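Below is one structure; the comments refer to it alone.
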Amino acid sequence: MKTLVIVESPAKGKKIQGYLGSEYKVKASFGHIRDLPAKKEDIPKKYQGESWARLGIDVQKGFEPLYIVPAEKKAVIAELRKLAGEADEVLLATDGDREGEGIAWHLVRALGLKGNFKRMVFHEITQDAIQRAVQNTRPLDYALVGAQESRRIIDRLCGYGVSPALWQSIGSGLSAGRVQSAALAALARRELARMNHVHADYWRVLAQVMPEGEGADPFTAVVVSIKGQPLAGPKDYGADGQLKADSPALAITGEQAAQTVAFLKAKGVKVAKVETSAYSTKPPAPFTTSTLQQAASRALKMGAKRTMEVAQRLYEGGRITYMRTDSPALSEEATEAARAVAVGLFGDRCIPAAPRTFAAKGNAQEAHEAIRPAGKDFKAPDQTGLSGEELSLYRLIFTRTVASQMTDLQGSKTTLHLKSGGVGLQSSGRVILDPGFTRLYNDETDKKDEQQLPNVAEGQALPVKDARAEVKKTPAPGRFTEASLIKALENAGVGRPSTYANIIEVLKNRQYTALVKDQLHVTWLGLVVAAYLQDQFPALVDLAFTVKMEKDLDRIAVGELKREAYLTEFWTNGLEQTIRAARHGPPALALGKFAGVVVTARQEQIVMVRDGKAVPLGLALVPDTLTPELVETIMAGETVRPRESRGPAPPATGKARKSSARRKKTA
DNA sequence: CAGTGAGCGAGCTTCCGCTTGACTT
């Protein structure tokens, strides 16, 4: 054997081995192979006495990290070290992104490589691309490694720096971090907005208008204005249930609505204007991890974690490309394959003359291509022999990929403007002229209110067959689902494809959030933790924190910013001071709608307090379902036991969490 | 005198990101 090639994933390695032949030995590192020690028992004896040992970073000495090989990686390192010793050269073919560069450097150190190594990078796995990558190796990029280390150090300092403040203030075993705390804060803001939302009633008036001609069907028009003033809808009301001060809209009473109904029935309507415009809709881009999780959630009702498990099996079975990616780009061969499948299904005219290309968003690292069927001939779903969830997910990926190369949907949108005295009405409808890609893949973006409108002429008078008024309530902002939270995090640049599903698992394991039907709600514990962090560490819960970090890491990666200077500014002159100055003690969360009631933590429990009486809150009670009656029931409960009292100690939230976390770990 | 249990104090918890199996429940 001459050359050892090290990749991150064994499935990838197997494939590349086939392209490279027996002159090369391809092996996997199984991701990162060294890390900061997580627990005290992982810290080597000689460092255990050091003041910085708990952090695993000697902040006084240029933020030097203490790296260890985790127990489960010892065997991998031993084997790689042996093979590296037998090889003339080692090609570090880890992913072409910041983390991949970091892994490559850790391999150099852990395997004790001495100059006989090069960096090999590729973005798609084809014979050509692999051959090219082998010919075009480059040296290790130490500045990029520095950016990766800085990222790791920042996350450790945030997580292990701030979590103890939560133990002292709210309960033991709690956690904070750059990613999870930003996600928790987003969930908490939404839950609080729902709790504080005041519904407003508004009226809608609808008319069934009869076009001319025999056998014609009535169509629905909605009243949009009275005497030139627009009618108030949900957008015109604030969260306090009041009409917004700057809103020009008219809020009508039930009486006025009834009068309008009677008026329309008696007078009929006149066609004031007919507007028709063509529109087209592009197919959505091929899947990234985030969009796959969103689509699987909508179409298949699969959670993020489950989606990734099934996708992993498809990947290992050679059915799809890599499932953790932030790039929607298709390789040339995949683009051709998708177009060929489309033509086979729907004929020559279902694809545009020029292939479509898709670019990643700004913050993407693009180490991989989009998630798509593997190979250069996509297997049709029913020819795969797959079944159950694997088949469903494969079909979703197959259709999305092929549809991405098909023609736009072409349609025509018509809006009828109707009048009846001072009352203005509107009716709109769409006609699909060419379904384009939607013949294969239909995103949920389709509108439900697609009525076929009749041909009418401007100035024409039409009778109103029926009219009715309905009262509606302005809706509170909707809860996040797993999918919509992932989308929000991705848009903010928080988290990575390999961690999206995990972020939600962490929030669930900490009992900061729970699923109710398909929606994520924040627990009382989550609200109290979020309130504390918002008070004491506002920078940590700001979605902009990661954006700033990424910019700084990019500067480190190109050598514009020194790692140590950046970390000194962040920690020594920043977060460390904030931690020192942080107030210890739980926040008192006032519940706007319930005067005199406060939620806070006492002796490791979340309690509701009124007039000095504190009662523990059950974890099952969803915060935004709290009612005045429920408050009374809770407050009639048993007071939280003072620490001095005899008798069995109340179950601590920390204990409960710990045991559930343990179970998780061993599972 | 031996065994039990209350009470006290010490020690631990925690991050993000990259990868799969080896474990239970």
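Following the order of the structure tokens, first chain is A, next is B, and so on, with residues numbered from 1 inside each chain and ligands from 1 in the order they appear.
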Would you mind listing, as a PyMOL selection string, all residues of chain A that have at least one atom within 6 Å of chain B, where only C-alpha atoms (C1' of nucleotides) are what counts?
chain A and resi 30-32+155-156+159-160+163+173+175+177+667
Test item: residues at most 9 Å from Tyr322 (chain A), only C-alpha atoms (C1' of nucleotides), excluding those fewer than 3 positions along its chain, as JSON, numbers by chain
{"A": [12, 311, 312, 315, 325, 368, 369, 370, 371, 372, 374]}
Take the residues from that selection and write them out as a PDB file, in the first residue's frame, keeping all heavy atoms.
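Saved the output as part.pdb:
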```
ATOM      1  N   LYS A  12     -18.819   6.830   2.566  1.00  0.00           N
ATOM      2  CA  LYS A  12     -18.127   7.607   1.543  1.00  0.00           C
ATOM      3  C   LYS A  12     -16.808   6.934   1.182  1.00  0.00           C
ATOM      4  O   LYS A  12     -16.435   6.831   0.004  1.00  0.00           O
ATOM      5  CB  LYS A  12     -17.871   9.015   2.095  1.00  0.00           C
ATOM      6  CG  LYS A  12     -17.454  10.023   1.065  1.00  0.00           C
ATOM      7  CD  LYS A  12     -16.936  11.280   1.727  1.00  0.00           C
ATOM      8  CE  LYS A  12     -18.003  12.338   1.894  1.00  0.00           C
ATOM      9  NZ  LYS A  12     -17.432  13.599   2.392  1.00  0.00           N
ATOM     10  N   ALA A 311     -32.963   8.960   6.607  1.00  0.00           N
ATOM     11  CA  ALA A 311     -32.058   9.424   5.555  1.00  0.00           C
ATOM     12  C   ALA A 311     -30.690   8.746   5.687  1.00  0.00           C
ATOM     13  O   ALA A 311     -30.059   8.393   4.690  1.00  0.00           O
ATOM     14  CB  ALA A 311     -31.905  10.947   5.614  1.00  0.00           C
ATOM     15  N   GLN A 312     -30.249   8.559   6.921  1.00  0.00           N
ATOM     16  CA  GLN A 312     -28.959   7.893   7.147  1.00  0.00           C
ATOM     17  C   GLN A 312     -28.972   6.482   6.556  1.00  0.00           C
ATOM     18  O   GLN A 312     -28.023   6.047   5.913  1.00  0.00           O
ATOM     19  CB  GLN A 312     -28.676   7.821   8.659  1.00  0.00           C
ATOM     20  CG  GLN A 312     -27.428   7.040   9.039  1.00  0.00           C
ATOM     21  CD  GLN A 312     -26.170   7.891   9.007  1.00  0.00           C
ATOM     22  OE1 GLN A 312     -26.234   9.092   9.268  1.00  0.00           O
ATOM     23  NE2 GLN A 312     -25.038   7.297   8.673  1.00  0.00           N
ATOM     24  N   TYR A 315     -28.753   6.655   2.858  1.00  0.00           N
ATOM     25  CA  TYR A 315     -27.378   7.004   2.468  1.00  0.00           C
ATOM     26  C   TYR A 315     -26.473   5.771   2.553  1.00  0.00           C
ATOM     27  O   TYR A 315     -25.709   5.477   1.635  1.00  0.00           O
ATOM     28  CB  TYR A 315     -26.876   8.119   3.383  1.00  0.00           C
ATOM     29  CG  TYR A 315     -25.394   8.385   3.294  1.00  0.00           C
ATOM     30  CD1 TYR A 315     -24.827   8.891   2.128  1.00  0.00           C
ATOM     31  CD2 TYR A 315     -24.560   8.141   4.383  1.00  0.00           C
ATOM     32  CE1 TYR A 315     -23.469   9.151   2.045  1.00  0.00           C
ATOM     33  CE2 TYR A 315     -23.199   8.393   4.310  1.00  0.00           C
ATOM     34  CZ  TYR A 315     -22.655   8.887   3.144  1.00  0.00           C
ATOM     35  OH  TYR A 315     -21.309   9.133   3.078  1.00  0.00           O
ATOM     36  N   THR A 325     -26.051  18.515   4.628  1.00  0.00           N
ATOM     37  CA  THR A 325     -25.481  19.482   3.683  1.00  0.00           C
ATOM     38  C   THR A 325     -26.254  20.793   3.748  1.00  0.00           C
ATOM     39  O   THR A 325     -27.432  20.812   4.092  1.00  0.00           O
ATOM     40  CB  THR A 325     -25.535  18.921   2.241  1.00  0.00           C
ATOM     41  OG1 THR A 325     -25.080  19.916   1.333  1.00  0.00           O
ATOM     42  CG2 THR A 325     -26.952  18.516   1.861  1.00  0.00           C
ATOM     43  N   HIS A 368     -20.711  19.623   0.605  1.00  0.00           N
ATOM     44  CA  HIS A 368     -21.392  18.564  -0.132  1.00  0.00           C
ATOM     45  C   HIS A 368     -22.382  19.165  -1.113  1.00  0.00           C
ATOM     46  O   HIS A 368     -22.701  20.341  -1.028  1.00  0.00           O
ATOM     47  CB  HIS A 368     -22.148  17.646   0.826  1.00  0.00           C
ATOM     48  CG  HIS A 368     -21.282  17.094   1.910  1.00  0.00           C
ATOM     49  ND1 HIS A 368     -21.166  17.698   3.136  1.00  0.00           N
ATOM     50  CD2 HIS A 368     -20.492  16.006   1.952  1.00  0.00           C
ATOM     51  CE1 HIS A 368     -20.331  17.006   3.888  1.00  0.00           C
ATOM     52  NE2 HIS A 368     -19.907  15.967   3.199  1.00  0.00           N
ATOM     53  N   GLU A 369     -22.905  18.330  -2.020  1.00  0.00           N
ATOM     54  CA  GLU A 369     -23.972  18.812  -2.894  1.00  0.00           C
ATOM     55  C   GLU A 369     -25.326  18.584  -2.237  1.00  0.00           C
ATOM     56  O   GLU A 369     -25.407  18.200  -1.065  1.00  0.00           O
ATOM     57  CB  GLU A 369     -23.879  18.160  -4.286  1.00  0.00           C
ATOM     58  CG  GLU A 369     -23.980  16.658  -4.280  1.00  0.00           C
ATOM     59  CD  GLU A 369     -24.107  16.081  -5.703  1.00  0.00           C
ATOM     60  OE1 GLU A 369     -24.865  16.656  -6.502  1.00  0.00           O
ATOM     61  OE2 GLU A 369     -23.459  15.068  -5.994  1.00  0.00           O
ATOM     62  N   ALA A 370     -26.386  18.837  -2.980  1.00  0.00           N
ATOM     63  CA  ALA A 370     -27.730  18.696  -2.437  1.00  0.00           C
ATOM     64  C   ALA A 370     -28.021  17.232  -2.102  1.00  0.00           C
ATOM     65  O   ALA A 370     -27.318  16.322  -2.541  1.00  0.00           O
ATOM     66  CB  ALA A 370     -28.749  19.200  -3.448  1.00  0.00           C
ATOM     67  N   ILE A 371     -29.074  17.005  -1.325  1.00  0.00           N
ATOM     68  CA  ILE A 371     -29.530  15.648  -1.044  1.00  0.00           C
ATOM     69  C   ILE A 371     -30.380  15.198  -2.233  1.00  0.00           C
ATOM     70  O   ILE A 371     -31.395  15.826  -2.554  1.00  0.00           O
ATOM     71  CB  ILE A 371     -30.383  15.599   0.235  1.00  0.00           C
ATOM     72  CG1 ILE A 371     -29.591  16.161   1.418  1.00  0.00           C
ATOM     73  CG2 ILE A 371     -30.822  14.163   0.524  1.00  0.00           C
ATOM     74  CD1 ILE A 371     -30.446  16.434   2.649  1.00  0.00           C
ATOM     75  N   ARG A 372     -29.961  14.131  -2.910  1.00  0.00           N
ATOM     76  CA  ARG A 372     -30.627  13.705  -4.143  1.00  0.00           C
ATOM     77  C   ARG A 372     -30.439  12.205  -4.298  1.00  0.00           C
ATOM     78  O   ARG A 372     -29.624  11.607  -3.593  1.00  0.00           O
ATOM     79  CB  ARG A 372     -29.999  14.435  -5.332  1.00  0.00           C
ATOM     80  CG  ARG A 372     -28.483  14.146  -5.447  1.00  0.00           C
ATOM     81  CD  ARG A 372     -27.999  14.404  -6.846  1.00  0.00           C
ATOM     82  NE  ARG A 372     -26.571  14.244  -7.005  1.00  0.00           N
ATOM     83  CZ  ARG A 372     -25.987  13.149  -7.513  1.00  0.00           C
ATOM     84  NH1 ARG A 372     -26.720  12.109  -7.871  1.00  0.00           N
ATOM     85  NH2 ARG A 372     -24.671  13.089  -7.654  1.00  0.00           N
ATOM     86  N   ALA A 374     -28.860   8.880  -5.475  1.00  0.00           N
ATOM     87  CA  ALA A 374     -27.451   8.633  -5.765  1.00  0.00           C
ATOM     88  C   ALA A 374     -27.242   8.258  -7.226  1.00  0.00           C
ATOM     89  O   ALA A 374     -28.165   7.811  -7.900  1.00  0.00           O
ATOM     90  CB  ALA A 374     -26.929   7.516  -4.859  1.00  0.00           C
TER      91      ALA A 374
END
```
Nearby residues (only C-alpha atoms (C1' of nucleotides)) at most 6 Å from region 128-141 of chain A, same-chain spacing under 6 positions excluded, as JSON, numbers by chain:
{"A": [118, 119, 120, 121, 122]}
Export N, CA, C and O atoms of the chosen residues as a JSON list (two decimals), in the first residue's frame?
```json
[["chain", "number", "residue", "atom", "x", "y", "z"],
["A", 118, "LYS", "N", -0.97, 15.43, 2.89],
["A", 118, "LYS", "CA", -1.51, 16.53, 2.10],
["A", 118, "LYS", "C", -3.02, 16.56, 2.30],
["A", 118, "LYS", "O", -3.61, 15.58, 2.70],
["A", 119, "ARG", "N", -3.58, 17.68, 1.94],
["A", 119, "ARG", "CA", -5.02, 17.87, 2.08],
["A", 119, "ARG", "C", -5.67, 17.61, 0.72],
["A", 119, "ARG", "O", -5.21, 18.14, -0.31],
["A", 120, "MET", "N", -6.73, 16.78, 0.73],
["A", 120, "MET", "CA", -7.44, 16.47, -0.51],
["A", 120, "MET", "C", -8.91, 16.87, -0.32],
["A", 120, "MET", "O", -9.52, 16.50, 0.67],
["A", 121, "VAL", "N", -9.43, 17.63, -1.27],
["A", 121, "VAL", "CA", -10.80, 18.15, -1.11],
["A", 121, "VAL", "C", -11.62, 17.91, -2.37],
["A", 121, "VAL", "O", -11.12, 18.09, -3.48],
["A", 122, "PHE", "N", -12.84, 17.45, -2.20],
["A", 122, "PHE", "CA", -13.75, 17.26, -3.34],
["A", 122, "PHE", "C", -15.17, 17.57, -2.90],
["A", 122, "PHE", "O", -15.47, 17.54, -1.71]]
```
Pick out the residues sitting within 8 Å of region 190-196 of chain A, and hand them over as a ChimeraX atom specification; count only C-alpha atoms (C1' of nucleotides), and ignore anything fewer than 2 positions along from it in its own chain.
/A:186-188,198,239-240,476-480,521-522,592-593,623-625
Please return, as a list in words, all residues of region 230-279 of chain A that DSSP assigns to strand (DSSP E or B) on the basis of the backbone.
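Strand (DSSP E or B) members of region 230-279 of chain A, listed: Pro230, Leu231, Tyr237, Leu243, Leu250, Val269, Lys270, Val271, Ala272, Lys273, Val274, Glu275, Thr276, Ser277, Ala278 and Tyr279 of chain A.
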Write the residues of the selection above to a file with N, CA, C and O atoms, as a short mmCIF file (atom, residue, chain, number, x, y, z; two decimals), in the first residue's frame.
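What landed in result-v5.cif:
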```cif
data_model
loop_
_atom_site.label_atom_id
_atom_site.label_comp_id
_atom_site.auth_asym_id
_atom_site.auth_seq_id
_atom_site.Cartn_x
_atom_site.Cartn_y
_atom_site.Cartn_z
N PRO A 230 -60.85 51.15 3.81
CA PRO A 230 -60.67 49.69 3.87
C PRO A 230 -61.20 49.11 5.18
O PRO A 230 -61.12 49.74 6.22
N LEU A 231 -61.75 47.89 5.09
CA LEU A 231 -62.25 47.22 6.29
C LEU A 231 -61.09 46.62 7.08
O LEU A 231 -60.13 46.11 6.51
N TYR A 237 -54.86 45.01 13.67
CA TYR A 237 -54.94 45.00 15.13
C TYR A 237 -53.58 44.69 15.74
O TYR A 237 -52.82 43.87 15.22
N LEU A 243 -57.27 48.37 17.64
CA LEU A 243 -56.92 48.80 16.29
C LEU A 243 -55.64 49.62 16.38
O LEU A 243 -55.49 50.47 17.25
N LEU A 250 -61.24 50.61 8.80
CA LEU A 250 -62.51 50.81 9.49
C LEU A 250 -62.93 49.50 10.16
O LEU A 250 -63.03 48.47 9.51
N VAL A 269 -74.58 43.88 -7.14
CA VAL A 269 -73.28 44.54 -7.33
C VAL A 269 -73.07 44.90 -8.80
O VAL A 269 -73.78 44.40 -9.67
N LYS A 270 -72.07 45.73 -9.01
CA LYS A 270 -71.71 46.13 -10.35
C LYS A 270 -70.22 45.87 -10.54
O LYS A 270 -69.43 46.06 -9.61
N VAL A 271 -69.84 45.39 -11.70
CA VAL A 271 -68.43 45.10 -11.94
C VAL A 271 -67.70 46.41 -12.21
O VAL A 271 -68.00 47.11 -13.18
N ALA A 272 -66.77 46.79 -11.34
CA ALA A 272 -66.05 48.06 -11.52
C ALA A 272 -64.81 47.87 -12.38
O ALA A 272 -64.47 48.71 -13.19
N LYS A 273 -64.13 46.75 -12.20
CA LYS A 273 -62.87 46.58 -12.90
C LYS A 273 -62.50 45.10 -12.91
O LYS A 273 -62.76 44.38 -11.95
N VAL A 274 -61.91 44.66 -14.00
CA VAL A 274 -61.41 43.28 -14.08
C VAL A 274 -59.91 43.33 -14.33
O VAL A 274 -59.46 43.96 -15.28
N GLU A 275 -59.18 42.73 -13.43
CA GLU A 275 -57.71 42.73 -13.58
C GLU A 275 -57.23 41.31 -13.79
O GLU A 275 -57.54 40.42 -12.99
N THR A 276 -56.47 41.10 -14.84
CA THR A 276 -55.92 39.77 -15.07
C THR A 276 -54.42 39.88 -15.30
O THR A 276 -53.96 40.77 -16.02
N SER A 277 -53.69 39.05 -14.63
CA SER A 277 -52.24 39.07 -14.85
C SER A 277 -51.72 37.64 -14.85
O SER A 277 -52.25 36.77 -14.17
N ALA A 278 -50.67 37.45 -15.65
CA ALA A 278 -50.05 36.13 -15.71
C ALA A 278 -49.05 36.00 -14.56
O ALA A 278 -48.47 36.98 -14.12
N TYR A 279 -48.89 34.81 -14.05
CA TYR A 279 -47.86 34.60 -13.03
C TYR A 279 -47.20 33.26 -13.29
O TYR A 279 -47.75 32.40 -13.99
#
```
Which region 169-229 of chain A residues have any atom within 10 Å of an atom of region 450-454 of chain A, and for each, what is the nearest pair of atoms with distance in Å to one decimal, counting only C-alpha atoms, rows sorted by chain and number, as a Markdown table?
```
| residue | atom | partner | partner_atom | distance |
| --- | --- | --- | --- | --- |
| A:Met210 | CA | A:Pro454 | CA | 9.6 |
| A:Pro211 | CA | A:Pro454 | CA | 6.9 |
| A:Glu212 | CA | A:Pro454 | CA | 8.9 |
| A:Ala216 | CA | A:Pro454 | CA | 8.2 |
| A:Asp217 | CA | A:Pro454 | CA | 8.5 |
| A:Pro218 | CA | A:Pro454 | CA | 8.9 |
| A:Phe219 | CA | A:Leu453 | CA | 6.9 |
| A:Thr220 | CA | A:Gln451 | CA | 8.4 |
```
Can I get the selected residues back with all heavy atoms, as a CSV table (one decimal), in the first residue's frame?
```
chain,number,residue,atom,x,y,z
A,210,MET,N,-74.1,36.2,-8.5
A,210,MET,CA,-74.6,35.3,-9.5
A,210,MET,C,-74.2,35.9,-10.9
A,210,MET,O,-74.6,37.0,-11.3
A,210,MET,CB,-76.1,35.3,-9.4
A,210,MET,CG,-76.8,34.0,-9.9
A,210,MET,SD,-76.2,32.6,-9.1
A,210,MET,CE,-76.5,31.4,-10.4
A,211,PRO,N,-73.4,35.2,-11.7
A,211,PRO,CA,-73.1,35.7,-13.0
A,211,PRO,C,-74.2,35.4,-13.9
A,211,PRO,O,-75.1,34.7,-13.6
A,211,PRO,CB,-71.8,34.9,-13.4
A,211,PRO,CG,-71.8,33.7,-12.6
A,211,PRO,CD,-72.7,34.0,-11.4
A,212,GLU,N,-74.2,36.1,-15.1
A,212,GLU,CA,-75.3,35.8,-16.1
A,212,GLU,C,-75.2,34.5,-16.8
A,212,GLU,O,-74.1,33.9,-16.7
A,212,GLU,CB,-75.3,36.9,-17.1
A,212,GLU,CG,-75.8,38.3,-16.6
A,212,GLU,CD,-75.8,39.3,-17.7
A,212,GLU,OE1,-74.9,39.2,-18.6
A,212,GLU,OE2,-76.7,40.2,-17.6
A,216,ALA,N,-75.1,28.9,-14.6
A,216,ALA,CA,-73.8,29.5,-14.1
A,216,ALA,C,-73.8,29.3,-12.6
A,216,ALA,O,-74.9,29.3,-11.9
A,216,ALA,CB,-73.8,31.0,-14.4
A,217,ASP,N,-72.6,29.2,-12.1
A,217,ASP,CA,-72.5,29.0,-10.6
A,217,ASP,C,-72.1,30.3,-10.0
A,217,ASP,O,-71.4,31.1,-10.5
A,217,ASP,CB,-71.4,28.0,-10.3
A,217,ASP,CG,-71.8,26.6,-10.7
A,217,ASP,OD1,-73.0,26.2,-10.5
A,217,ASP,OD2,-70.9,25.8,-11.2
A,218,PRO,N,-72.6,30.5,-8.8
A,218,PRO,CA,-72.3,31.8,-8.1
A,218,PRO,C,-70.8,31.7,-7.6
A,218,PRO,O,-70.2,30.7,-7.5
A,218,PRO,CB,-73.2,31.8,-6.8
A,218,PRO,CG,-73.5,30.3,-6.6
A,218,PRO,CD,-73.5,29.7,-8.0
A,219,PHE,N,-70.2,32.9,-7.5
A,219,PHE,CA,-68.9,33.0,-6.9
A,219,PHE,C,-68.9,33.9,-5.7
A,219,PHE,O,-69.8,34.7,-5.5
A,219,PHE,CB,-67.9,33.5,-8.0
A,219,PHE,CG,-68.2,34.9,-8.5
A,219,PHE,CD1,-67.5,36.0,-8.0
A,219,PHE,CD2,-69.0,35.1,-9.6
A,219,PHE,CE1,-67.8,37.2,-8.4
A,219,PHE,CE2,-69.3,36.3,-10.1
A,219,PHE,CZ,-68.7,37.4,-9.5
A,220,THR,N,-67.8,33.7,-4.9
A,220,THR,CA,-67.8,34.4,-3.6
A,220,THR,C,-66.9,35.7,-3.7
A,220,THR,O,-65.9,35.7,-4.3
A,220,THR,CB,-67.1,33.5,-2.6
A,220,THR,OG1,-67.8,32.3,-2.5
A,220,THR,CG2,-67.1,34.2,-1.2
```
Would you mind reading off the distance between CA of Tyr441 (chain A) and CA of Val343 (chain A), one decimal, in Å?
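Between CA of Tyr441 (chain A) and CA of Val343 (chain A) the gap is 14.8 Å.
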In Å, how far is it from CA of Ser22 (chain A) to CA of Leu92 (chain A)?
17.5 Å
At a cut-off of 9 Å, using only C-alpha atoms (C1' of nucleotides), what residues contact Glu149 (chain A)? Leave out same-chain residues fewer than 2 positions from it and give the result as a short mmCIF file (atom, residue, chain, number, x, y, z; two decimals) with C-alpha atoms, in the first residue's frame.
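Final output, around-v2.cif:
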```cif
data_model
loop_
_atom_site.label_atom_id
_atom_site.label_comp_id
_atom_site.auth_asym_id
_atom_site.auth_seq_id
_atom_site.Cartn_x
_atom_site.Cartn_y
_atom_site.Cartn_z
CA PRO A 65 -7.02 23.95 24.41
CA GLU A 99 -14.81 21.51 10.62
CA GLY A 102 -10.05 20.98 11.87
CA LEU A 144 -8.84 27.81 8.71
CA VAL A 145 -7.87 25.38 11.45
CA GLY A 146 -7.49 28.38 13.75
CA ALA A 147 -11.03 29.47 12.87
CA ARG A 151 -15.38 28.21 17.14
CA ARG A 152 -14.87 25.26 19.45
CA ILE A 153 -13.38 27.45 22.19
CA ILE A 154 -16.16 30.03 21.97
CA ARG A 563 -7.12 34.04 17.16
#
```
